[in-house]
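> Okay, here's the structure, questions in a sec.
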Amino acid sequence: MNYEDIKKFLNDNKDIFLDENKFISFDIETKNLNLRGNKLLGFGVGFSKTKSRYIITRDLSLNEIKTIFKCFNKFKCKKVLHNSYFDISQLNYLLGFEVKWDFCTYIMAHCLHTDILLRSKKEDRSSSLSLKELCKFYYPELYGYEDELEDKKKHICRQNKINLNKFDYSMFTDEDLIPYGNYDVLVTYALFEGLLKEIKEKIKNGWDKLNYLLNLKHKVTPLYIEAKVNGIRVDRQKVLELNTTWNDILSKNLKEILEDENIKKAESLIYMNNYNKEIQKKELEFEKKLEERLEKIKKGKYSYEKLNKVKDNIRVLTPAKLKKLELDSKLNLRSSSHKRILFLDLMELKPIKYNKITKTSKERTPKVDKNFMNTYSYIPLVDKIREYSLYVKGVDGFLGVNDDTMEKGLWNLTSEDYPINHPNSNLQGTITHRVAQNSVNLQQLPSRGDLSSLKKCIVPLKDNHRIIALDYSSCELYILGALSQEPNLLDAIKDNLDLHSNMALGVWGDTILLDKELVNVIRDSVKSSKSTHIEEGMTLANLDIPLEDKLAIIRDYKPNLRYNAKSINFGLPYGIQSMGLAQNMKVTQKEAKEMLETYMDKNSKIQEYMDINKDFLCKNGYIEGQHGQRLYMKNSLGVDWRDLEGKPYEEIKEILSELRKSTNFIIQSENAMILYEALLRLDKKIKKLKLKDKIFLLTTIYDAVYLSVDNTVSDEEIKNILTEVFQVWYTKEVKFKIDVESGQNFKDLQPIE
């Protein structure tokens, strides 16, 4: 198909394209998933469930493709895609202008069927709402249509002797892609019809806010598309500096670790394990061939003498094999199995958590993860290995300078002539509607600790810009306070108090007995202490001094209580239980359980709110947030959750998991919706002030928003804009608060006063 043929196709179908009552499905095929250096191979247009056309563009010039999509932007019919975030960001980057679209079936499916993500295995979650998987339910006649193409892909890789990850779609011929491109838009068309029908039925049956939810997600997606196209700028020199520094630390740590006697003993154990595995392997091979050899002996083609000789040699390994065993038995600190031998078998440390049963291991192997390492970090060798593993993650996972595959890390995702990375922000990647990121996952950049210097690598988009970051102050607690109507939270929010110190005072204040030190502190630092009766043995809660002074005493002299209150405050929105709290607080599970119970006793409205959510879930089989976001959880439907105590855990574990989610889904998804609404207000405000070319959204990380702002926009001006946009009332009692910072990278940010 040449350019003239495409023009004729567009003209022949103009009655459909210019009819605002019609809709078409649309999907692109590109060389790969990157923005830079990518190529548009073609695109499909669907007119119904059975009629479509695939347009080949791989040989067209960029100007010709631009002309086609300028024409596309004039279409009055509704344009439906399955993954608008991917397709439109690819086109916008390639063409240099925005391509218009109307609906995304990925967004629609996610809003209607978030429970699919809940039921999916972790490794399948990213594809469980894909067009290929949804085809199973909405167009079963075509399900599996991509299998033949996948087989061709593997064949091409074998033919060209390349790995699958080196494959790109330009290796397919147009004849390969034409059926596939047509099927994609046919399925998208059927999916849209099916989802529209479901939406109408759901609204009719009482899902009143579903339309608002869909519109919000559709409207905010272009802002994330724009952020992806703009990308984030990486300071490659800083990447090199960190790589040198961290590799030096790794070398030093490794040398010290390998000199430890436990390492030598562990290598001996690993060697014996490897040796025994090799012998077992030879024994299995002998057993497999035994019957065949006995049959040969009967026929006189083999002898018992030779058989016995083979049997005697089972435990004899060749010098080459022994050398390989020796090399394989050197302790690999990146190997979980090696670390299990060292920590569990040799040092006899007790496991904390276990992995799920796998097809290969057929058993629950103990975890030797970050949590395990932190728990036993008081042991010098464990702490040294913990630090080593941390820097390995930094060097391999984030920097990538030494990555032989040249695929991972900030170094390989940028170049000297193009220091821009384009991370993906998937609004449909999580159950709670929060953004899931990859390539690079900026959410994983540590804010504290040894690896926090990674944030110095992310710099403003332009030289005359700076980073402006805003962060909601305790957003989830504000939401929890507003929805639960808990006075302890509402009063602290209203009076702008330290939420964690205030909670610690409210929960444990009547157990904080004044000792001699605290009595002296109060008398020296509290102005009203001279007119107050203060003596040892009194409780802090009952002391007649200003509330701010009580909170200061907890913050400065009882930080462990503040930390415990913070652990529970932030743990509740995530459904944390006594076991998780015990690990956070470094106390026994019994102590954590008692603290949690005391907390709930003193915050009865929170407990009441959580119980109401459980009742709602068990009655309806779903839970719903204030913005219409629902999560269906059918295991709890019809269950009396108050009657579960004493039942075998294996029988009720799925129900218990759903009950925990009944509150934390609402809190976390509300957080996401609040952020999306604010981003839309920010975009509207920037356009109104004609600052669109001076203020760029870089990314959002949970409650934080990162912008690249031109230096001609003053700190005062940008803070005023952000305060107006983000510090809004959630309910009549709760108004959000933000902190705004400025700096030359993601790390070195200072508050704007």
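Every chain in the structure tokens takes a letter, A first, then B, and so on in the order presented; its residues are numbered from 1, and the ligands are numbered from 1 following the presented order.
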Determine which residues of segment 21-234 of chain A DSSP labels as helix (DSSP H, G or I) from the backbone of this structure, then write them out as a PyMOL selection string.
chain A and resi 62-72+84-95+105-112+114-119+122-127+131-138+140-142+147-160+164-166+169-171+174-204+210-230
> Report as CSV the residues of segment 43-104 of chain A within 12 Å of segment 134-149 of chain A, each with its shortest atom pair and distance in Å (one decimal), using only C-alpha atoms, ordered by chain and increasing residue number.

```
residue,atom,partner,partner_atom,distance
A:Lys49,CA,A:Tyr139,CA,8.8
A:Thr50,CA,A:Leu142,CA,10.9
A:His82,CA,A:Leu134,CA,10.4
```
> Output N, CA and C atoms of each residue in that selection to a file, as a PDB file, in the first residue's frame.

```pdb
ATOM      1  N   LYS A  49     -17.136  -5.457  14.371  1.00  0.00           N
ATOM      2  CA  LYS A  49     -16.480  -6.665  14.908  1.00  0.00           C
ATOM      3  C   LYS A  49     -15.928  -7.539  13.785  1.00  0.00           C
ATOM      4  N   THR A  50     -16.340  -7.254  12.545  1.00  0.00           N
ATOM      5  CA  THR A  50     -15.938  -8.128  11.433  1.00  0.00           C
ATOM      6  C   THR A  50     -15.278  -7.390  10.272  1.00  0.00           C
ATOM      7  N   HIS A  82      -7.043   0.451  22.709  1.00  0.00           N
ATOM      8  CA  HIS A  82      -7.001  -0.367  23.927  1.00  0.00           C
ATOM      9  C   HIS A  82      -5.991   0.182  24.928  1.00  0.00           C
TER      10      HIS A  82
END
```
> Show me, as a list in words, the residues that have an atom within 7 Å of Gly628 of chain A when counting only C-alpha atoms, minus same-chain residues fewer than 6 positions from it.
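Within the cut-off, the hits are Lys209, Leu210 and Leu213 of chain A.
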> For the residues in that selection, give me all heavy atoms as a PDB file, in the first residue's frame.

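Okay, this is what ended up in again_28.pdb:
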```
ATOM      1  N   LYS A 209     -21.350   6.599  40.420  1.00  0.00           N
ATOM      2  CA  LYS A 209     -20.156   7.408  40.153  1.00  0.00           C
ATOM      3  C   LYS A 209     -19.219   6.791  39.113  1.00  0.00           C
ATOM      4  O   LYS A 209     -18.110   7.270  38.918  1.00  0.00           O
ATOM      5  CB  LYS A 209     -19.387   7.641  41.455  1.00  0.00           C
ATOM      6  CG  LYS A 209     -20.160   8.462  42.482  1.00  0.00           C
ATOM      7  CD  LYS A 209     -19.354   8.642  43.755  1.00  0.00           C
ATOM      8  CE  LYS A 209     -20.126   9.430  44.795  1.00  0.00           C
ATOM      9  NZ  LYS A 209     -19.382   9.557  46.072  1.00  0.00           N
ATOM     10  N   LEU A 210     -19.680   5.739  38.460  1.00  0.00           N
ATOM     11  CA  LEU A 210     -18.818   5.062  37.484  1.00  0.00           C
ATOM     12  C   LEU A 210     -18.416   5.999  36.353  1.00  0.00           C
ATOM     13  O   LEU A 210     -17.260   6.022  35.927  1.00  0.00           O
ATOM     14  CB  LEU A 210     -19.517   3.820  36.929  1.00  0.00           C
ATOM     15  CG  LEU A 210     -18.760   3.039  35.849  1.00  0.00           C
ATOM     16  CD1 LEU A 210     -17.370   2.625  36.333  1.00  0.00           C
ATOM     17  CD2 LEU A 210     -19.554   1.805  35.415  1.00  0.00           C
ATOM     18  N   LEU A 213     -15.674   8.316  37.471  1.00  0.00           N
ATOM     19  CA  LEU A 213     -14.403   7.592  37.556  1.00  0.00           C
ATOM     20  C   LEU A 213     -13.774   7.421  36.173  1.00  0.00           C
ATOM     21  O   LEU A 213     -12.580   7.695  35.977  1.00  0.00           O
ATOM     22  CB  LEU A 213     -14.633   6.226  38.208  1.00  0.00           C
ATOM     23  CG  LEU A 213     -13.449   5.259  38.240  1.00  0.00           C
ATOM     24  CD1 LEU A 213     -12.331   5.799  39.122  1.00  0.00           C
ATOM     25  CD2 LEU A 213     -13.889   3.878  38.732  1.00  0.00           C
TER      26      LEU A 213
END
```
> Quick one: distance from atom CA of Phe172 of chain A to atom CA of Asp184 of chain A in Å, one decimal?
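These two atoms are separated by 16.1 Å.
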> Near Ile257 of chain A, within 8 Å and counting only C-alpha atoms, which residues show up once chain neighbours fewer than 2 positions away are dropped, as a list in words?
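After dropping sequence-adjacent residues, the list is Asn253, Leu254, Lys255, Glu259, Asp260, Ile263, Leu381, Lys384 and Ile385 of chain A.
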